[in-house]
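Single-structure report; data block below.
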Amino acid sequence: MKASRETVFAIIPAYSEGKFIGDVVRRVLLHVKTVLVVDDGSPDDTAGAAETAGAQVIRHSTNRGKGAAIKSGLERATTAEASFFLFLDGDGQHDPSDIPAFFDAINEPGADLVIGNRMTNIKAMPVVRRLTNKFMSWQIGTICRVPLPDSQCGFRLVRRELLPVLRVPSDRFEFETESLIVAAHHGYRIKCVPIRTIYANQQSKIRPLRDTIRYARLISKYLWKCRKVKNQFRLNG
């Protein structure tokens, strides 16, 4: 099965994106037949703007986190006859005109998960975010044993076969990191495609202290697992 307008189901987690979500939905619908927006307890009219633009909408009564929003979207998507799931953010930083590049990448042999790579042109990226992303991508790539130039990018296309991987425990921003690690450890093939990222003074939803602690715990867990496997290999060897 090839990725195409009819076989790809788009899922957009969104929190307080009423300003951007309508335009994002309309532009994504140029490339896929169905767009599902998961409004993660927004206090604004994110849900209404998404529906007006042509999206299906799920609403969380409270903010449960980006990972939880994606998993709610996947529960709905499993009832659809879609062979691929496309994820992107609702704040306009991901350019829907890049979607065909994801289709081309996953339709080639050797790709189960395609992730966007913003690091090929970083002039517009804030310096702190650039340095943080480089460090985290190196760290996660080491754990995955796969080169990952932009592990934190939420613009992704995955095959339906990855559904078990996408049900990892994490419910907030660390969800994307954990699902990537688990996918690599299960032998799924990861490919990266260059994308354009747009910075228009969007307000970051990341809470530095809370989310840094969660990320550190997640990385510690998988580093410990990697060491355990290496030690077991040495004992058996």
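By order in the structure tokens, chains are A, B, ...; within a chain, residues start at 1; ligands start at 1, following the order shown.
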Proximity check segment 64-84 of chain A to segment 160-182 of chain A, 9 Å, nearest pairs one decimal Å, only C-alpha atoms, as a tab-separated table:
```
residue	atom	partner	partner_atom	distance
A:Arg64	CA	A:Asp171	CA	7.2
A:Gly65	CA	A:Arg172	CA	4.3
A:Lys66	CA	A:Arg172	CA	4.8
A:Gly67	CA	A:Asp171	CA	4.0
A:Ala68	CA	A:Asp171	CA	4.5
A:Ala69	CA	A:Asp171	CA	7.9
A:Ile70	CA	A:Asp171	CA	8.6
A:Lys71	CA	A:Arg167	CA	6.8
A:Leu74	CA	A:Leu163	CA	8.1
A:Thr78	CA	A:Arg160	CA	8.6
A:Ala82	CA	A:Arg160	CA	7.5
A:Ser83	CA	A:Arg160	CA	5.2
A:Phe84	CA	A:Arg160	CA	5.2
```
Got time to write the residues from that selection, C-alpha atoms, as a short mmCIF file (atom, residue, chain, number, x, y, z; two decimals), in the first residue's frame?
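Output file again-v8.cif follows:
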```
data_model
loop_
_atom_site.label_atom_id
_atom_site.label_comp_id
_atom_site.auth_asym_id
_atom_site.auth_seq_id
_atom_site.Cartn_x
_atom_site.Cartn_y
_atom_site.Cartn_z
CA ARG A 64 -3.94 16.04 29.26
CA GLY A 65 -0.77 16.57 27.24
CA LYS A 66 0.41 16.25 23.66
CA GLY A 67 1.03 12.51 23.89
CA ALA A 68 -2.43 11.90 25.33
CA ALA A 69 -3.95 13.99 22.53
CA ILE A 70 -2.13 11.97 19.87
CA LYS A 71 -3.26 8.70 21.46
CA LEU A 74 -5.13 7.22 17.16
CA THR A 78 -8.04 2.94 14.05
CA ALA A 82 -6.10 4.30 6.75
CA SER A 83 -2.74 2.63 6.22
CA PHE A 84 -0.66 5.60 7.39
#
```
Extract the full set of strand (DSSP E or B) residues from segment 41-231 of chain A according to DSSP on the backbone, and format it as a PyMOL selection string.
chain A and resi 56-60+84-87+94+113-117+156-159+190-194+197
Create the file for the chosen residues now, containing N, CA and C atoms and written as a short mmCIF file (atom, residue, chain, number, x, y, z; two decimals), in the first residue's frame.
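Generated file (selection.cif):
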```cif
data_model
loop_
_atom_site.label_atom_id
_atom_site.label_comp_id
_atom_site.auth_asym_id
_atom_site.auth_seq_id
_atom_site.Cartn_x
_atom_site.Cartn_y
_atom_site.Cartn_z
N GLN A 56 -12.41 16.91 11.41
CA GLN A 56 -13.11 16.23 12.50
C GLN A 56 -12.44 16.68 13.81
N VAL A 57 -13.19 16.70 14.89
CA VAL A 57 -12.63 17.22 16.15
C VAL A 57 -12.98 16.32 17.32
N ILE A 58 -11.99 16.07 18.16
CA ILE A 58 -12.17 15.46 19.48
C ILE A 58 -11.78 16.51 20.50
N ARG A 59 -12.56 16.62 21.57
CA ARG A 59 -12.24 17.61 22.61
C ARG A 59 -11.96 16.93 23.93
N HIS A 60 -10.82 17.25 24.53
CA HIS A 60 -10.54 16.86 25.91
C HIS A 60 -11.11 17.94 26.83
N PHE A 84 -1.73 4.74 6.88
CA PHE A 84 -0.66 5.60 7.39
C PHE A 84 -1.28 6.69 8.27
N PHE A 85 -0.49 7.15 9.25
CA PHE A 85 -0.92 8.24 10.12
C PHE A 85 0.10 9.37 10.02
N LEU A 86 -0.41 10.56 9.75
CA LEU A 86 0.43 11.76 9.65
C LEU A 86 0.21 12.63 10.88
N PHE A 87 1.30 13.06 11.49
CA PHE A 87 1.22 13.93 12.66
C PHE A 87 1.91 15.25 12.35
N HIS A 94 4.83 23.91 11.11
CA HIS A 94 5.07 22.91 10.08
C HIS A 94 4.33 23.31 8.81
N LEU A 113 8.86 4.80 9.42
CA LEU A 113 8.55 6.04 10.11
C LEU A 113 9.40 7.14 9.48
N VAL A 114 8.75 8.19 9.04
CA VAL A 114 9.46 9.33 8.44
C VAL A 114 9.29 10.53 9.35
N ILE A 115 10.42 11.15 9.69
CA ILE A 115 10.40 12.30 10.60
C ILE A 115 11.02 13.50 9.91
N GLY A 116 10.42 14.66 10.12
CA GLY A 116 10.93 15.88 9.51
C GLY A 116 12.26 16.30 10.10
N ASN A 117 13.09 16.91 9.29
CA ASN A 117 14.39 17.41 9.73
C ASN A 117 14.49 18.90 9.44
N ARG A 156 5.55 13.99 11.40
CA ARG A 156 5.92 12.60 11.17
C ARG A 156 4.85 11.87 10.37
N LEU A 157 5.29 10.84 9.67
CA LEU A 157 4.38 9.94 8.96
C LEU A 157 4.77 8.51 9.32
N VAL A 158 3.80 7.71 9.78
CA VAL A 158 4.10 6.35 10.22
C VAL A 158 3.15 5.36 9.57
N ARG A 159 3.63 4.13 9.42
CA ARG A 159 2.78 3.05 8.94
C ARG A 159 1.85 2.58 10.05
N ILE A 190 13.68 4.06 10.27
CA ILE A 190 13.40 5.48 10.39
C ILE A 190 14.13 6.25 9.31
N LYS A 191 13.42 7.14 8.66
CA LYS A 191 14.01 7.97 7.61
C LYS A 191 13.68 9.44 7.92
N CYS A 192 14.57 10.34 7.55
CA CYS A 192 14.37 11.77 7.79
C CYS A 192 14.24 12.51 6.46
N VAL A 193 13.39 13.53 6.43
CA VAL A 193 13.26 14.36 5.24
C VAL A 193 13.40 15.83 5.63
N PRO A 194 14.11 16.62 4.84
CA PRO A 194 14.24 18.05 5.14
C PRO A 194 12.88 18.74 5.05
N THR A 197 10.58 25.09 8.51
CA THR A 197 9.89 25.42 9.76
C THR A 197 9.67 26.92 9.82
#
```
In Å, how far is it from atom CA of Asn107 of chain A to atom CA of Pro13 of chain A?
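Atom CA of Pro13 of chain A lies at a distance of 24.8 Å from atom CA of Asn107 of chain A.
If you count only C-alpha atoms and ignore residues fewer than 2 places along the chain from Asp23 of chain A, what sits within 12 Å of it is Glu17, Gly18, Lys19, Phe20, Ile21, Val25, Arg26, Arg27, Val28, Leu29, Leu30, Thr46, Ala49, Ala50, Glu51, Thr52, Ala53, Gly54, Ala55, Gly90, Asp91, Gly92, Gln93, His94, Asp95 and Pro96 of chain A.
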Just write the chosen residues, C-alpha atoms, as a short mmCIF file (atom, residue, chain, number, x, y, z; two decimals), in the first residue's frame.
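Generated output (selection-v5.cif):
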```cif
data_model
loop_
_atom_site.label_atom_id
_atom_site.label_comp_id
_atom_site.auth_asym_id
_atom_site.auth_seq_id
_atom_site.Cartn_x
_atom_site.Cartn_y
_atom_site.Cartn_z
CA GLU A 17 -4.24 27.26 18.59
CA GLY A 18 -7.37 29.12 17.53
CA LYS A 19 -5.22 31.69 15.74
CA PHE A 20 -3.49 29.15 13.50
CA ILE A 21 -5.47 25.90 13.37
CA VAL A 25 -6.32 22.31 8.55
CA ARG A 26 -7.23 23.84 5.18
CA ARG A 27 -3.69 23.40 3.89
CA VAL A 28 -3.39 19.81 5.14
CA LEU A 29 -6.70 18.95 3.42
CA LEU A 30 -5.05 19.79 0.11
CA THR A 46 -9.51 25.94 18.71
CA ALA A 49 -11.99 26.98 14.12
CA ALA A 50 -10.85 23.45 13.24
CA GLU A 51 -14.41 22.27 12.51
CA THR A 52 -15.12 25.32 10.35
CA ALA A 53 -11.98 24.58 8.33
CA GLY A 54 -13.18 21.02 7.62
CA ALA A 55 -11.57 18.89 10.32
CA GLY A 90 -1.34 22.98 14.96
CA ASP A 91 0.62 26.20 15.49
CA GLY A 92 1.70 26.77 11.90
CA GLN A 93 5.37 25.90 12.41
CA HIS A 94 5.07 22.91 10.08
CA ASP A 95 4.45 23.66 6.42
CA PRO A 96 1.78 21.33 4.95
#
```
Atom pair atom CA of Asp112 of chain A / atom CA of Gln139 of chain A: separation (Å)
21.5 Å
Between atom CA of Pro147 of chain A and atom CA of Ala105 of chain A, what is the distance, to one decimal in Å?
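Going from atom CA of Pro147 of chain A over to atom CA of Ala105 of chain A, I get 16.2 Å.
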Hey, what's within 9 Å of segment 124-132 of chain A if we count only C-alpha atoms and toss same-chain stuff fewer than 3 positions away? As an MDAnalysis selection string, please?
chainID A and resid 118:119 121 135:137 197:199
Output for the residues just chosen: N, CA and C atoms as a CSV table (one decimal), in the first residue's frame:
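The resulting file, result-v2.csv, is reproduced below:
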```csv
chain,number,residue,atom,x,y,z
A,118,ARG,N,14.4,19.7,10.5
A,118,ARG,CA,14.5,21.1,10.4
A,118,ARG,C,15.9,21.7,10.4
A,119,MET,N,16.9,20.8,10.6
A,119,MET,CA,18.3,21.2,10.9
A,119,MET,C,19.1,21.5,9.7
A,121,ASN,N,18.4,23.8,7.6
A,121,ASN,CA,18.4,25.3,7.4
A,121,ASN,C,18.0,25.9,8.8
A,135,PHE,N,21.7,18.7,20.9
A,135,PHE,CA,22.1,17.8,22.0
A,135,PHE,C,21.2,16.7,22.2
A,136,MET,N,19.9,17.0,22.2
A,136,MET,CA,18.9,15.9,22.5
A,136,MET,C,18.8,14.9,21.3
A,137,SER,N,19.0,15.4,20.1
A,137,SER,CA,19.0,14.5,18.9
A,137,SER,C,20.2,13.6,19.0
A,197,THR,N,10.6,25.1,8.5
A,197,THR,CA,9.9,25.4,9.8
A,197,THR,C,9.7,26.9,9.8
A,198,ILE,N,8.5,27.3,10.2
A,198,ILE,CA,8.1,28.7,10.2
A,198,ILE,C,8.0,29.2,11.6
A,199,TYR,N,8.7,30.3,12.0
A,199,TYR,CA,8.6,30.9,13.3
A,199,TYR,C,7.9,32.2,13.2
```
Going by DSSP on the backbone, which residues of segment 44-193 of chain A come out as alpha helix (DSSP H)? List them as a ChimeraX atom specification.
/A:46-53,66-77,99-107,127-144,174-185
Could you pull the residues within 9 Å of Ser16 of chain A, counting only C-alpha atoms, minus those fewer than 3 positions along the same chain, as a list of chain:residue names?
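So, after excluding close chain neighbours, the residues are A:Lys19, A:Asp39, A:Asp40, A:Gly41, A:Ser42, A:Pro43, A:Asp44, A:Asp45, A:Thr46, A:Asp91.
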Write a file of the selected residues as a PDB file, in the first residue's frame, keeping C-alpha atoms.
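See selection.pdb below for the written result:
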```
ATOM      1  CA  LYS A  19      -5.221  31.692  15.739  1.00  0.00           C
ATOM      2  CA  ASP A  39      -8.349  19.881  21.081  1.00  0.00           C
ATOM      3  CA  ASP A  40      -6.511  19.215  24.336  1.00  0.00           C
ATOM      4  CA  GLY A  41      -8.658  21.302  26.681  1.00  0.00           C
ATOM      5  CA  SER A  42      -8.101  24.647  24.961  1.00  0.00           C
ATOM      6  CA  PRO A  43      -9.637  27.727  26.614  1.00  0.00           C
ATOM      7  CA  ASP A  44     -10.055  29.389  23.195  1.00  0.00           C
ATOM      8  CA  ASP A  45     -12.036  28.439  20.073  1.00  0.00           C
ATOM      9  CA  THR A  46      -9.514  25.937  18.709  1.00  0.00           C
ATOM     10  CA  ASP A  91       0.621  26.202  15.492  1.00  0.00           C
TER      11      ASP A  91
END
```
Pick from A:Ala10, A:Val32, A:Thr120, A:Gly141 nearest to Arg76 of chain A, counting only C-alpha atoms:
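Among the listed residues, the smallest separation from Arg76 of chain A belongs to A:Ala10.
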